[in-house]
>>> print(open('data_17.pdb').read())   # PDB, C-alpha atoms and all ligand atoms
ATOM      1  CA  MET H  11      -9.165  11.698 107.229
ATOM      2  CA  ASN H  12      -9.907  11.010 103.580
ATOM      3  CA  GLU H  13     -12.242   8.101 104.349
ATOM      4  CA  ARG H  14     -14.336  10.607 106.232
ATOM      5  CA  LEU H  15     -14.987  12.374 102.918
ATOM      6  CA  TYR H  16     -16.145   9.280 101.011
ATOM      7  CA  PRO H  17     -19.827   9.504 101.962
ATOM      8  CA  TYR H  18     -19.990  13.054 100.640
ATOM      9  CA  PHE H  19     -18.142  12.495  97.396
ATOM     10  CA  ASN H  20     -18.763   8.823  96.672
ATOM     11  CA  GLN H  21     -21.251   9.500  93.868
ATOM     12  CA  LEU H  22     -18.947  11.936  92.125
ATOM     13  CA  LEU H  23     -16.039   9.522  92.272
ATOM     14  CA  HIS H  24     -18.050   7.090  90.153
ATOM     15  CA  LEU H  25     -18.127   9.434  87.151
ATOM     16  CA  SER H  26     -16.371   8.060  84.103
ATOM     17  CA  ASP H  27     -14.419  11.335  83.719
ATOM     18  CA  ALA H  28     -11.305  11.855  85.813
ATOM     19  CA  VAL H  29     -12.248  13.396  89.176
ATOM     20  CA  ILE H  30      -9.965  15.034  91.705
ATOM     21  CA  ILE H  31     -10.985  16.458  95.060
ATOM     22  CA  THR H  32      -8.715  18.899  96.853
ATOM     23  CA  ASP H  33      -8.884  20.810 100.089
ATOM     24  CA  GLU H  34      -8.961  24.570 100.260
ATOM     25  CA  ARG H  35      -5.178  24.788  99.898
ATOM     26  CA  HIS H  36      -5.352  22.688  96.706
ATOM     27  CA  HIS H  37      -3.852  19.559  98.266
ATOM     28  CA  ILE H  38      -5.279  16.382  96.782
ATOM     29  CA  CYS H  39      -7.697  14.511  99.086
ATOM     30  CA  LEU H  40      -9.271  11.984  96.712
ATOM     31  CA  VAL H  41      -9.001  10.924  93.075
ATOM     32  CA  ASN H  42     -11.108   8.369  91.218
ATOM     33  CA  GLU H  43     -10.152   5.365  89.101
ATOM     34  CA  SER H  44     -10.436   7.254  85.818
ATOM     35  CA  TYR H  45      -7.945   9.787  87.103
ATOM     36  CA  GLU H  46      -5.542   6.975  87.990
ATOM     37  CA  ARG H  47      -6.005   5.297  84.608
ATOM     38  CA  ILE H  48      -5.595   8.455  82.548
ATOM     39  CA  THR H  49      -2.709  10.042  84.427
ATOM     40  CA  GLY H  50      -0.873   6.832  85.320
ATOM     41  CA  TYR H  51      -0.594   7.954  88.970
ATOM     42  CA  HIS H  52      -1.955   5.793  91.785
ATOM     43  CA  ALA H  53      -4.116   7.548  94.328
ATOM     44  CA  ALA H  54      -1.605   6.697  97.059
ATOM     45  CA  GLU H  55       1.133   8.596  95.214
ATOM     46  CA  VAL H  56      -0.801  11.817  94.748
ATOM     47  CA  ILE H  57      -2.922  12.147  97.866
ATOM     48  CA  GLY H  58      -1.549  14.929 100.039
ATOM     49  CA  LYS H  59       0.365  16.445  97.101
ATOM     50  CA  ARG H  60      -0.432  19.783  95.470
ATOM     51  CA  ALA H  61      -2.984  19.564  92.666
ATOM     52  CA  GLY H  62      -0.478  21.382  90.434
ATOM     53  CA  LEU H  63       1.559  18.143  90.343
ATOM     54  CA  LEU H  64       0.792  17.502  86.656
ATOM     55  CA  ARG H  65       1.171  21.108  85.561
ATOM     56  CA  THR H  66       3.101  22.084  82.458
ATOM     57  CA  GLY H  67       4.186  25.470  81.210
ATOM     58  CA  LEU H  68       1.722  24.993  78.348
ATOM     59  CA  THR H  69      -1.341  26.117  80.261
ATOM     60  CA  PRO H  70      -1.355  29.923  80.095
ATOM     61  CA  LYS H  71      -0.712  31.696  83.412
ATOM     62  CA  GLN H  72      -3.973  33.618  83.083
ATOM     63  CA  THR H  73      -5.877  30.340  83.138
ATOM     64  CA  TYR H  74      -4.620  29.677  86.654
ATOM     65  CA  GLU H  75      -5.200  33.277  87.698
ATOM     66  CA  HIS H  76      -8.816  33.114  86.552
ATOM     67  CA  MET H  77      -9.265  29.776  88.264
ATOM     68  CA  TYR H  78      -7.870  30.980  91.605
ATOM     69  CA  ALA H  79      -9.932  34.173  91.415
ATOM     70  CA  ALA H  80     -13.185  32.280  90.820
ATOM     71  CA  LEU H  81     -12.525  29.668  93.515
ATOM     72  CA  HIS H  82     -11.501  32.352  95.972
ATOM     73  CA  ASN H  83     -14.975  33.846  95.513
ATOM     74  CA  ALA H  84     -16.569  30.422  96.001
ATOM     75  CA  GLN H  85     -17.579  30.354  92.332
ATOM     76  CA  PRO H  86     -17.275  27.321  90.051
ATOM     77  CA  TRP H  87     -14.762  27.637  87.215
ATOM     78  CA  SER H  88     -14.256  25.954  83.816
ATOM     79  CA  GLY H  89     -11.259  26.047  81.506
ATOM     80  CA  VAL H  90      -8.752  24.035  79.531
ATOM     81  CA  PHE H  91      -5.572  22.599  81.019
ATOM     82  CA  THR H  92      -2.583  20.988  79.371
ATOM     83  CA  ASN H  93      -1.163  18.643  81.981
ATOM     84  CA  ARG H  94       1.451  15.940  81.881
ATOM     85  CA  LYS H  95       0.804  12.276  82.573
ATOM     86  CA  ARG H  96       3.204  10.149  84.552
ATOM     87  CA  CYS H  97       4.710   8.729  81.331
ATOM     88  CA  GLY H  98       5.525  12.258  80.163
ATOM     89  CA  GLN H  99       2.768  12.460  77.563
ATOM     90  CA  LEU H 100       0.648  15.590  77.484
ATOM     91  CA  TRP H 101      -2.974  15.429  78.525
ATOM     92  CA  HIS H 102      -5.350  18.098  77.300
ATOM     93  CA  SER H 103      -8.575  18.381  79.203
ATOM     94  CA  SER H 104     -11.500  20.621  79.722
ATOM     95  CA  ILE H 105     -12.027  20.942  83.470
ATOM     96  CA  THR H 106     -14.799  22.197  85.691
ATOM     97  CA  ILE H 107     -13.989  22.898  89.314
ATOM     98  CA  THR H 108     -16.801  23.328  91.793
ATOM     99  CA  PRO H 109     -16.391  24.389  95.435
ATOM    100  CA  TYR H 110     -18.219  22.161  97.960
ATOM    101  CA  VAL H 111     -18.627  22.868 101.640
ATOM    102  CA  VAL H 112     -18.487  19.788 103.832
ATOM    103  CA  GLU H 113     -18.613  20.003 107.640
ATOM    104  CA  GLY H 114     -17.739  23.686 107.436
ATOM    105  CA  GLU H 115     -14.646  23.126 105.243
ATOM    106  CA  THR H 116     -14.354  24.030 101.563
ATOM    107  CA  TYR H 117     -13.284  21.374  99.068
ATOM    108  CA  TYR H 118     -12.837  21.688  95.317
ATOM    109  CA  VAL H 119     -14.180  19.019  92.996
ATOM    110  CA  GLY H 120     -12.437  18.983  89.615
ATOM    111  CA  VAL H 121     -13.938  16.979  86.744
ATOM    112  CA  PHE H 122     -11.670  16.548  83.716
ATOM    113  CA  ARG H 123     -12.935  15.693  80.265
ATOM    114  CA  GLU H 124     -10.247  14.500  77.887
ATOM    115  CA  LEU H 125      -9.959  16.618  74.757
ATOM    116  CA  GLU H 126      -8.005  13.906  72.988
ATOM    117  CA  GLN H 127     -11.370  12.307  72.282
ATOM    118  CA  LEU H 128     -12.495  15.187  70.093
ATOM    119  CA  ASP H 129     -12.546  14.528  66.356
ATOM    120  CA  ARG H 130      -9.405  15.139  64.370
ATOM    121  CA  GLY H 131      -9.557  18.624  62.947
ATOM    122  CA  TYR H 132     -10.934  20.128  66.148
ATOM    123  CA  TYR H 133      -7.972  19.079  68.124
ATOM    124  CA  LEU H 134      -4.293  18.648  67.269
ATOM    125  CA  ASP H 135      -2.955  15.708  69.200
ATOM    126  CA  GLU H 136       0.632  15.633  70.349
ATOM    127  CA  ASN H 137       1.742  13.044  67.783
ATOM    128  CA  ARG H 138       0.277  15.038  64.954
ATOM    129  CA  VAL H 139       1.942  18.219  66.182
ATOM    130  CA  GLY H 140       5.216  16.327  66.542
ATOM    131  CA  ASN H 141       4.963  14.929  63.002
ATOM    132  CA  LEU H 142       4.143  18.323  61.530
ATOM    133  CA  GLN H 143       7.054  19.941  63.322
ATOM    134  CA  GLY H 144       9.389  17.140  62.295
ATOM    135  CA  SER H 145       8.419  17.292  58.596
ATOM    136  CA  LEU H 146       8.612  21.057  58.464
ATOM    137  CA  LEU H 147      12.098  21.066  59.951
ATOM    138  CA  LYS H 148      13.237  18.340  57.582
ATOM    139  CA  VAL H 149      12.025  20.198  54.497
ATOM    140  CA  LEU H 150      13.720  23.293  55.786
ATOM    141  CA  ALA H 151      17.020  21.524  56.441
ATOM    142  CA  ILE H 152      17.106  19.812  53.061
ATOM    143  CA  SER H 153      16.226  22.955  51.146
ATOM    144  CA  CYS H 154      18.899  24.955  52.958
ATOM    145  CA  GLU H 155      21.585  22.475  52.030
ATOM    146  CA  ILE H 156      20.318  21.439  48.619
ATOM    147  CA  ARG H 157      23.694  22.214  46.990
ATOM    148  CA  ASP H 158      25.316  19.262  48.736
ATOM    149  CA  PRO H 159      24.103  16.053  47.031
ATOM    150  CA  GLY H 160      24.910  13.735  49.948
ATOM    151  CA  ILE H 161      23.279  15.953  52.534
ATOM    152  CA  GLU H 162      19.868  14.362  52.827
ATOM    153  CA  ASN H 163      21.358  11.040  53.882
ATOM    154  CA  HIS H 164      23.755  12.721  56.301
ATOM    155  CA  LEU H 165      20.874  14.624  57.901
ATOM    156  CA  ILE H 166      18.716  11.536  58.224
ATOM    157  CA  ARG H 167      21.590   9.561  59.758
ATOM    158  CA  VAL H 168      22.345  12.416  62.159
ATOM    159  CA  GLN H 169      18.738  12.479  63.221
ATOM    160  CA  ARG H 170      18.528   8.710  63.764
ATOM    161  CA  LEU H 171      21.762   8.587  65.680
ATOM    162  CA  THR H 172      20.753  11.584  67.799
ATOM    163  CA  GLU H 173      17.612   9.704  68.771
ATOM    164  CA  LEU H 174      19.575   6.612  69.817
ATOM    165  CA  LEU H 175      22.188   8.663  71.639
ATOM    166  CA  VAL H 176      19.914  10.982  73.601
ATOM    167  CA  GLU H 177      17.886   7.991  74.790
ATOM    168  CA  ARG H 178      20.972   5.993  75.732
ATOM    169  CA  TYR H 179      22.534   8.980  77.499
ATOM    170  CA  ASP H 180      19.328   9.450  79.488
ATOM    171  CA  GLU H 181      19.235   5.733  80.450
ATOM    172  CA  LEU H 182      22.915   5.438  81.245
ATOM    173  CA  PHE H 183      22.959   8.377  83.650
ATOM    174  CA  GLN H 184      19.355   7.865  84.817
ATOM    175  CA  LEU H 185      18.462  11.473  84.186
ATOM    176  CA  GLY H 186      14.759  11.082  83.524
ATOM    177  CA  LEU H 187      14.895  13.603  80.672
ATOM    178  CA  ASP H 188      11.533  14.855  79.491
ATOM    179  CA  PRO H 189      10.414  12.839  76.389
ATOM    180  CA  THR H 190       9.199  16.055  74.736
ATOM    181  CA  TYR H 191      12.634  17.591  75.201
ATOM    182  CA  MET H 192      14.266  14.503  73.699
ATOM    183  CA  MET H 193      11.932  14.705  70.706
ATOM    184  CA  ARG H 194      12.921  18.352  70.225
ATOM    185  CA  VAL H 195      16.600  17.438  70.256
ATOM    186  CA  VAL H 196      15.950  14.804  67.588
ATOM    187  CA  ASN H 197      13.879  17.171  65.439
ATOM    188  CA  GLY H 198      16.355  20.019  65.879
ATOM    189  CA  SER H 199      19.432  17.937  65.068
ATOM    190  CA  ILE H 200      18.526  17.975  61.386
ATOM    191  CA  LEU H 201      18.918  21.749  61.317
ATOM    192  CA  HIS H 202      22.464  21.943  62.699
ATOM    193  CA  ASP H 203      24.047  23.247  59.482
ATOM    194  CA  ILE H 204      21.249  25.302  57.877
ATOM    195  CA  GLY H 205      23.534  28.342  58.145
ATOM    196  CA  LYS H 206      25.806  26.797  55.519
ATOM    197  CA  SER H 207      23.241  27.821  52.901
ATOM    198  CA  ALA H 208      24.712  31.340  53.035
ATOM    199  CA  ILE H 209      28.364  30.274  52.648
ATOM    200  CA  PRO H 210      29.776  30.612  49.102
ATOM    201  CA  GLU H 211      30.276  27.252  47.400
ATOM    202  CA  GLY H 212      33.878  28.072  46.540
ATOM    203  CA  ILE H 213      34.701  28.124  50.236
ATOM    204  CA  LEU H 214      32.313  25.438  51.431
ATOM    205  CA  TYR H 215      33.556  22.781  49.018
ATOM    206  CA  LYS H 216      37.120  23.964  48.597
ATOM    207  CA  PRO H 217      39.496  21.011  48.512
ATOM    208  CA  GLY H 218      42.575  21.397  50.679
ATOM    209  CA  SER H 219      43.166  23.838  53.472
ATOM    210  CA  LEU H 220      41.362  27.109  53.987
ATOM    211  CA  ALA H 221      42.831  30.594  54.206
ATOM    212  CA  PRO H 222      42.191  32.332  57.542
ATOM    213  CA  TYR H 223      39.500  34.622  56.029
ATOM    214  CA  GLU H 224      37.783  31.575  54.508
ATOM    215  CA  ARG H 225      37.784  29.872  57.888
ATOM    216  CA  THR H 226      36.249  32.999  59.426
ATOM    217  CA  ILE H 227      33.467  32.890  56.848
ATOM    218  CA  ILE H 228      32.770  29.183  57.465
ATOM    219  CA  GLU H 229      32.666  29.870  61.192
ATOM    220  CA  MET H 230      29.810  32.278  60.637
ATOM    221  CA  HIS H 231      27.432  29.443  59.774
ATOM    222  CA  PRO H 232      26.075  28.940  63.323
ATOM    223  CA  HIS H 233      25.045  32.603  63.614
ATOM    224  CA  ILE H 234      23.609  32.635  60.106
ATOM    225  CA  GLY H 235      21.617  29.499  60.920
ATOM    226  CA  VAL H 236      20.071  31.161  63.958
ATOM    227  CA  ASP H 237      19.143  34.203  61.826
ATOM    228  CA  ILE H 238      17.404  31.919  59.329
ATOM    229  CA  LEU H 239      15.473  30.200  62.090
ATOM    230  CA  ASP H 240      14.473  33.540  63.631
ATOM    231  CA  LYS H 241      13.096  34.731  60.296
ATOM    232  CA  ILE H 242      11.080  31.557  59.856
ATOM    233  CA  TYR H 243       9.789  31.738  63.383
ATOM    234  CA  GLY H 244       8.744  35.347  62.773
ATOM    235  CA  GLU H 245       6.743  34.205  59.748
ATOM    236  CA  LEU H 246       5.155  31.194  61.412
ATOM    237  CA  ASP H 247       4.155  33.263  64.399
ATOM    238  CA  ASP H 248       2.739  30.244  66.178
ATOM    239  CA  GLU H 249       3.586  29.358  69.731
ATOM    240  CA  LEU H 250       3.486  25.670  68.761
ATOM    241  CA  PHE H 251       7.044  26.153  67.542
ATOM    242  CA  GLU H 252       8.408  28.258  70.357
ATOM    243  CA  HIS H 253       9.943  25.504  72.500
ATOM    244  CA  GLU H 254      10.797  23.398  69.470
ATOM    245  CA  PHE H 255      12.804  26.239  68.024
ATOM    246  CA  SER H 256      14.602  27.158  71.209
ATOM    247  CA  VAL H 257      16.179  23.685  71.368
ATOM    248  CA  ALA H 258      16.948  23.796  67.617
ATOM    249  CA  LYS H 259      18.600  27.189  68.044
ATOM    250  CA  ASN H 260      20.935  25.878  70.729
ATOM    251  CA  ILE H 261      21.944  23.059  68.404
ATOM    252  CA  ILE H 262      22.535  25.388  65.451
ATOM    253  CA  LEU H 263      24.469  27.948  67.452
ATOM    254  CA  HIS H 264      26.603  25.622  69.574
ATOM    255  CA  HIS H 265      27.304  22.427  67.600
ATOM    256  CA  HIS H 266      30.911  23.532  67.005
ATOM    257  CA  GLU H 267      31.661  24.491  70.607
ATOM    258  CA  ARG H 268      34.199  22.218  72.268
ATOM    259  CA  TRP H 269      34.140  20.904  75.827
ATOM    260  CA  ASP H 270      37.516  22.558  76.576
ATOM    261  CA  GLY H 271      36.286  25.961  75.386
ATOM    262  CA  SER H 272      38.322  26.066  72.185
ATOM    263  CA  GLY H 273      35.372  25.823  69.781
ATOM    264  CA  TYR H 274      33.228  28.459  68.092
ATOM    265  CA  PRO H 275      31.322  30.744  67.876
ATOM    266  CA  LEU H 276      31.114  31.667  71.586
ATOM    267  CA  ARG H 277      33.943  29.529  73.007
ATOM    268  CA  LEU H 278      31.576  28.114  75.601
ATOM    269  CA  LYS H 279      32.975  25.321  77.691
ATOM    270  CA  GLU H 280      31.780  22.236  79.544
ATOM    271  CA  GLU H 281      28.209  22.492  80.777
ATOM    272  CA  GLU H 282      27.843  26.030  79.510
ATOM    273  CA  ILE H 283      27.279  24.271  76.193
ATOM    274  CA  PRO H 284      23.639  23.142  76.081
ATOM    275  CA  LEU H 285      23.276  19.347  76.293
ATOM    276  CA  GLU H 286      21.495  19.202  72.935
ATOM    277  CA  ALA H 287      24.529  20.764  71.230
ATOM    278  CA  ARG H 288      26.996  18.486  73.066
ATOM    279  CA  ILE H 289      25.054  15.477  71.793
ATOM    280  CA  VAL H 290      24.706  16.663  68.196
ATOM    281  CA  SER H 291      28.376  17.622  67.975
ATOM    282  CA  VAL H 292      29.399  14.035  68.803
ATOM    283  CA  VAL H 293      26.872  12.615  66.333
ATOM    284  CA  ASP H 294      27.850  15.038  63.566
ATOM    285  CA  VAL H 295      31.548  14.218  63.816
ATOM    286  CA  TYR H 296      30.926  10.477  64.092
ATOM    287  CA  ASP H 297      28.768  10.507  60.964
ATOM    288  CA  ALA H 298      31.179  12.703  58.997
ATOM    289  CA  LEU H 299      34.065  10.345  59.819
ATOM    290  CA  THR H 300      32.233   7.150  58.929
ATOM    291  CA  THR H 301      30.939   8.448  55.570
ATOM    292  CA  LYS H 302      32.831   8.662  52.308
ATOM    293  CA  ARG H 303      33.159  12.222  51.014
ATOM    294  CA  PRO H 304      34.758  13.399  47.735
ATOM    295  CA  TYR H 305      37.799  14.572  49.693
ATOM    296  CA  LYS H 306      38.104  11.706  52.151
ATOM    297  CA  GLU H 307      37.740   7.983  52.579
ATOM    298  CA  LYS H 308      35.278   6.425  54.947
ATOM    299  CA  TRP H 309      36.653   5.553  58.400
ATOM    300  CA  SER H 310      35.755   2.297  60.128
ATOM    301  CA  GLN H 311      33.368   2.562  63.086
ATOM    302  CA  LYS H 312      36.182   1.416  65.341
ATOM    303  CA  ALA H 313      38.582   4.124  64.169
ATOM    304  CA  ALA H 314      35.904   6.807  64.507
ATOM    305  CA  ILE H 315      35.012   5.678  68.036
ATOM    306  CA  GLU H 316      38.710   5.671  68.963
ATOM    307  CA  LEU H 317      39.047   9.266  67.820
ATOM    308  CA  LEU H 318      35.987  10.339  69.803
ATOM    309  CA  VAL H 319      37.283   8.569  72.914
ATOM    310  CA  GLU H 320      40.645  10.273  72.513
ATOM    311  CA  GLN H 321      38.804  13.610  72.384
ATOM    312  CA  LYS H 322      36.849  12.997  75.602
ATOM    313  CA  GLY H 323      37.169  16.058  77.805
ATOM    314  CA  ARG H 324      38.827  17.982  74.964
ATOM    315  CA  GLN H 325      36.484  18.329  72.024
ATOM    316  CA  PHE H 326      33.609  16.320  73.522
ATOM    317  CA  ASP H 327      31.654  15.758  76.705
ATOM    318  CA  SER H 328      33.005  12.458  78.120
ATOM    319  CA  ASP H 329      29.578  11.270  79.267
ATOM    320  CA  VAL H 330      28.085  11.732  75.802
ATOM    321  CA  VAL H 331      31.002   9.845  74.223
ATOM    322  CA  ASP H 332      30.617   7.070  76.815
ATOM    323  CA  ALA H 333      26.949   6.722  75.863
ATOM    324  CA  LEU H 334      27.916   6.468  72.177
ATOM    325  CA  VAL H 335      30.535   3.838  73.004
ATOM    326  CA  THR H 336      27.856   1.670  74.664
ATOM    327  CA  LEU H 337      25.744   1.942  71.491
ATOM    328  CA  TYR H 338      28.786   0.883  69.463
ATOM    329  CA  GLU H 339      29.518  -2.030  71.779
ATOM    330  CA  SER H 340      25.959  -3.293  71.551
ATOM    331  CA  GLY H 341      26.110  -3.192  67.748
ATOM    332  CA  LEU H 342      23.456  -0.490  67.450
ATOM    333  CA  LEU H 343      25.535   1.717  65.173
ATOM    334  CA  ASP H 344      25.503  -0.785  62.280
TER
HETATM  335 FE    FE G   1      28.320  22.902  61.306
HETATM  336 FE    FE G   2      26.728  17.934  59.713
END
>>> encode(input="data_17.pdb", output="structure tokens", more="lines below")
Ligand SMILES: [Fe+2]
Ligand SMILES: [Fe+2]
Amino acid sequence: MNERLYPYFNQLLHLSDAVIITDERHHICLVNESYERITGYHAAEVIGKRAGLLRTGLTPKQTYEHMYAALHNAQPWSGVFTNRKRCGQLWHSSITITPYVVEGETYYVGVFRELEQLDRGYYLDENRVGNLQGSLLKVLAISCEIRDPGIENHLIRVQRLTELLVERYDELFQLGLDPTYMMRVVNGSILHDIGKSAIPEGILYKPGSLAPYERTIIEMHPHIGVDILDKIYGELDDELFEHEFSVAKNIILHHHERWDGSGYPLRLKEEEIPLEARIVSVVDVYDALTTKRPYKEKWSQKAAIELLVEQKGRQFDSDVVDALVTLYESGLLD
């Protein structure tokens, strides 16, 4: 049936912008080569599917409402969409949709112009946003923990290892995690202990064992960390950080929860604990064990891995530990 439409739309399909033609119910009838090149989807994969296939939550709801209202009244509509390409990357485009009547049926012709081609300064590309977010979070993490001289290196190692681990975990269990989500986990990992900035030094660095009230104070650091992040978010007041911060918050609040429910602060267990926190808790412990601290010697990688394996299903999510073990076995932890 789509070949039947070619004579009517052939000219439009030759535009160098991405072009998509849908039927009245917004099912895709035709796409052009530019659309295939930009989105990474072949025509054969998308034809017959809903045009909302590439949608993200980043395009405001009102945009769609305005679009549907205009098209419903047989009016053309223009606006800006943030869609997702096949590879997971975002694609910002200015789109014009025009209703066409062919053989008594209405079709919608959408022409997308990529906004990524605008000059820097007019448009914040995803990499630049990611870098800005990453640097801001790093500065924040380091300044919160400035009292601990070794902290910057610990934070950087935690971040690197989180990146390796989240990617390996995704591969190993073939989860197809969203790359943007994985980037947020990596960026957020650096913030896990920002709440420690409010813990008195005498307790934080006390050699030997802690009194019960001291332990209670230390265990407040996840909640304090979330308060700090909330204050900063209130100041920034920019939706660019909304999703970024929600992942970071889960890491801050839950990185001391344990798989068996015996952790703190909320005693969550198993998959109640957000994945990002399950990953960072494994990384944090592994790095603490394999680093020399004033009060402890450095453990070998092998000994640290053995401890994590022993804690599978108790302190840690077994799958996350298994993913770390494969990194160890392939020599990627050196
Ligand atoms: Fe912590
Ligand atoms: Fe840590």
>>> resolve_selection(input="data_17.pdb", expression="the PyMOL selection byres (((chain H and resi 145-162) around 12) and not hetatm)", output="ChimeraX atom specification")
/H:138-144,163-169,194-212,214-215,231,234-235,238-239,242-243,246,251,254-255,258,262,294,297-298,301-304
>>> resolve_selection(input="data_17.pdb", expression="the PyMOL selection byres (((chain H and resi 83-95) around 8) and not hetatm)", output="PyMOL selection string")
chain H and resi 48-51+64-66+68-69+73+77+79-82+96-109
>>> closest_residue(input="data_17.pdb", among="H:Tyr18, H:Leu317, H:Ile261, H:Glu307", to="ligand FE 2 (chain G)", atoms="all atoms listed in the file")
H:Ile261
>>> closest_residue(input="data_17.pdb", among="H:Leu174, H:His265, H:Pro189, H:His233", to="H:Ser340", atoms="all atoms listed in the file")
H:Leu174
>>> closest_atom_pairs(input="data_17.pdb", of="stretch 150-192 of chain H", to="stretch 322-334 of chain H", cutoff="10 Å", atoms="only C-alpha atoms", output="JSON lines")
{"residue": "H:Leu171", "atom": "CA", "partner": "H:Leu334", "partner_atom": "CA", "distance": 9.2}
{"residue": "H:Thr172", "atom": "CA", "partner": "H:Leu334", "partner_atom": "CA", "distance": 9.8}
{"residue": "H:Leu174", "atom": "CA", "partner": "H:Leu334", "partner_atom": "CA", "distance": 8.7}
{"residue": "H:Leu175", "atom": "CA", "partner": "H:Leu334", "partner_atom": "CA", "distance": 6.2}
{"residue": "H:Val176", "atom": "CA", "partner": "H:Val330", "partner_atom": "CA", "distance": 8.5}
{"residue": "H:Glu177", "atom": "CA", "partner": "H:Ala333", "partner_atom": "CA", "distance": 9.2}
{"residue": "H:Arg178", "atom": "CA", "partner": "H:Ala333", "partner_atom": "CA", "distance": 6.0}
{"residue": "H:Tyr179", "atom": "CA", "partner": "H:Ala333", "partner_atom": "CA", "distance": 5.2}
{"residue": "H:Asp180", "atom": "CA", "partner": "H:Ala333", "partner_atom": "CA", "distance": 8.9}
{"residue": "H:Glu181", "atom": "CA", "partner": "H:Ala333", "partner_atom": "CA", "distance": 9.0}
{"residue": "H:Leu182", "atom": "CA", "partner": "H:Ala333", "partner_atom": "CA", "distance": 6.8}
{"residue": "H:Phe183", "atom": "CA", "partner": "H:Asp329", "partner_atom": "CA", "distance": 8.4}
>>> build_atoms(input="data_17.pdb", residues="stretch 58-75 of chain H", atoms="N, CA and C atoms", output="mmCIF file, in the coordinates of the input")
data_model
loop_
_atom_site.group_PDB
_atom_site.id
_atom_site.type_symbol
_atom_site.label_atom_id
_atom_site.label_comp_id
_atom_site.auth_asym_id
_atom_site.auth_seq_id
_atom_site.Cartn_x
_atom_site.Cartn_y
_atom_site.Cartn_z
ATOM 1 N N GLY H 58 -2.380 14.085 99.178
ATOM 2 C CA GLY H 58 -1.549 14.929 100.039
ATOM 3 C C GLY H 58 -0.667 15.879 99.240
ATOM 4 N N LYS H 59 -0.479 15.573 97.941
ATOM 5 C CA LYS H 59 0.365 16.445 97.101
ATOM 6 C C LYS H 59 -0.455 17.621 96.577
ATOM 7 N N ARG H 60 0.249 18.632 96.066
ATOM 8 C CA ARG H 60 -0.432 19.783 95.470
ATOM 9 C C ARG H 60 -1.102 19.356 94.159
ATOM 10 N N ALA H 61 -2.265 19.928 93.884
ATOM 11 C CA ALA H 61 -2.984 19.564 92.666
ATOM 12 C C ALA H 61 -2.216 19.988 91.419
ATOM 13 N N GLY H 62 -1.273 20.918 91.575
ATOM 14 C CA GLY H 62 -0.478 21.382 90.434
ATOM 15 C C GLY H 62 0.587 20.384 89.990
ATOM 16 N N LEU H 63 0.603 19.214 90.619
ATOM 17 C CA LEU H 63 1.559 18.143 90.343
ATOM 18 C C LEU H 63 1.779 17.859 88.849
ATOM 19 N N LEU H 64 0.699 17.893 88.071
ATOM 20 C CA LEU H 64 0.792 17.502 86.656
ATOM 21 C C LEU H 64 0.942 18.714 85.742
ATOM 22 N N ARG H 65 1.106 19.878 86.350
ATOM 23 C CA ARG H 65 1.171 21.108 85.561
ATOM 24 C C ARG H 65 2.267 21.122 84.527
ATOM 25 N N THR H 66 2.033 21.837 83.429
ATOM 26 C CA THR H 66 3.101 22.084 82.458
ATOM 27 C C THR H 66 3.107 23.585 82.219
ATOM 28 N N GLY H 67 4.146 24.051 81.544
ATOM 29 C CA GLY H 67 4.186 25.470 81.210
ATOM 30 C C GLY H 67 3.246 25.793 80.054
ATOM 31 N N LEU H 68 2.533 24.777 79.553
ATOM 32 C CA LEU H 68 1.722 24.993 78.348
ATOM 33 C C LEU H 68 0.338 25.567 78.644
ATOM 34 N N THR H 69 -0.069 25.476 79.908
ATOM 35 C CA THR H 69 -1.341 26.117 80.261
ATOM 36 C C THR H 69 -1.023 27.576 80.553
ATOM 37 N N PRO H 70 -1.692 28.513 79.874
ATOM 38 C CA PRO H 70 -1.355 29.923 80.095
ATOM 39 C C PRO H 70 -1.539 30.329 81.567
ATOM 40 N N LYS H 71 -0.661 31.227 82.011
ATOM 41 C CA LYS H 71 -0.712 31.696 83.412
ATOM 42 C C LYS H 71 -2.080 32.260 83.768
ATOM 43 N N GLN H 72 -2.674 32.980 82.794
ATOM 44 C CA GLN H 72 -3.973 33.618 83.083
ATOM 45 C C GLN H 72 -5.037 32.593 83.430
ATOM 46 N N THR H 73 -4.892 31.384 82.835
ATOM 47 C CA THR H 73 -5.877 30.340 83.138
ATOM 48 C C THR H 73 -5.893 30.074 84.645
ATOM 49 N N TYR H 74 -4.676 29.940 85.208
ATOM 50 C CA TYR H 74 -4.620 29.677 86.654
ATOM 51 C C TYR H 74 -5.117 30.878 87.446
ATOM 52 N N GLU H 75 -4.759 32.073 86.975
ATOM 53 C CA GLU H 75 -5.200 33.277 87.698
ATOM 54 C C GLU H 75 -6.718 33.350 87.748
#
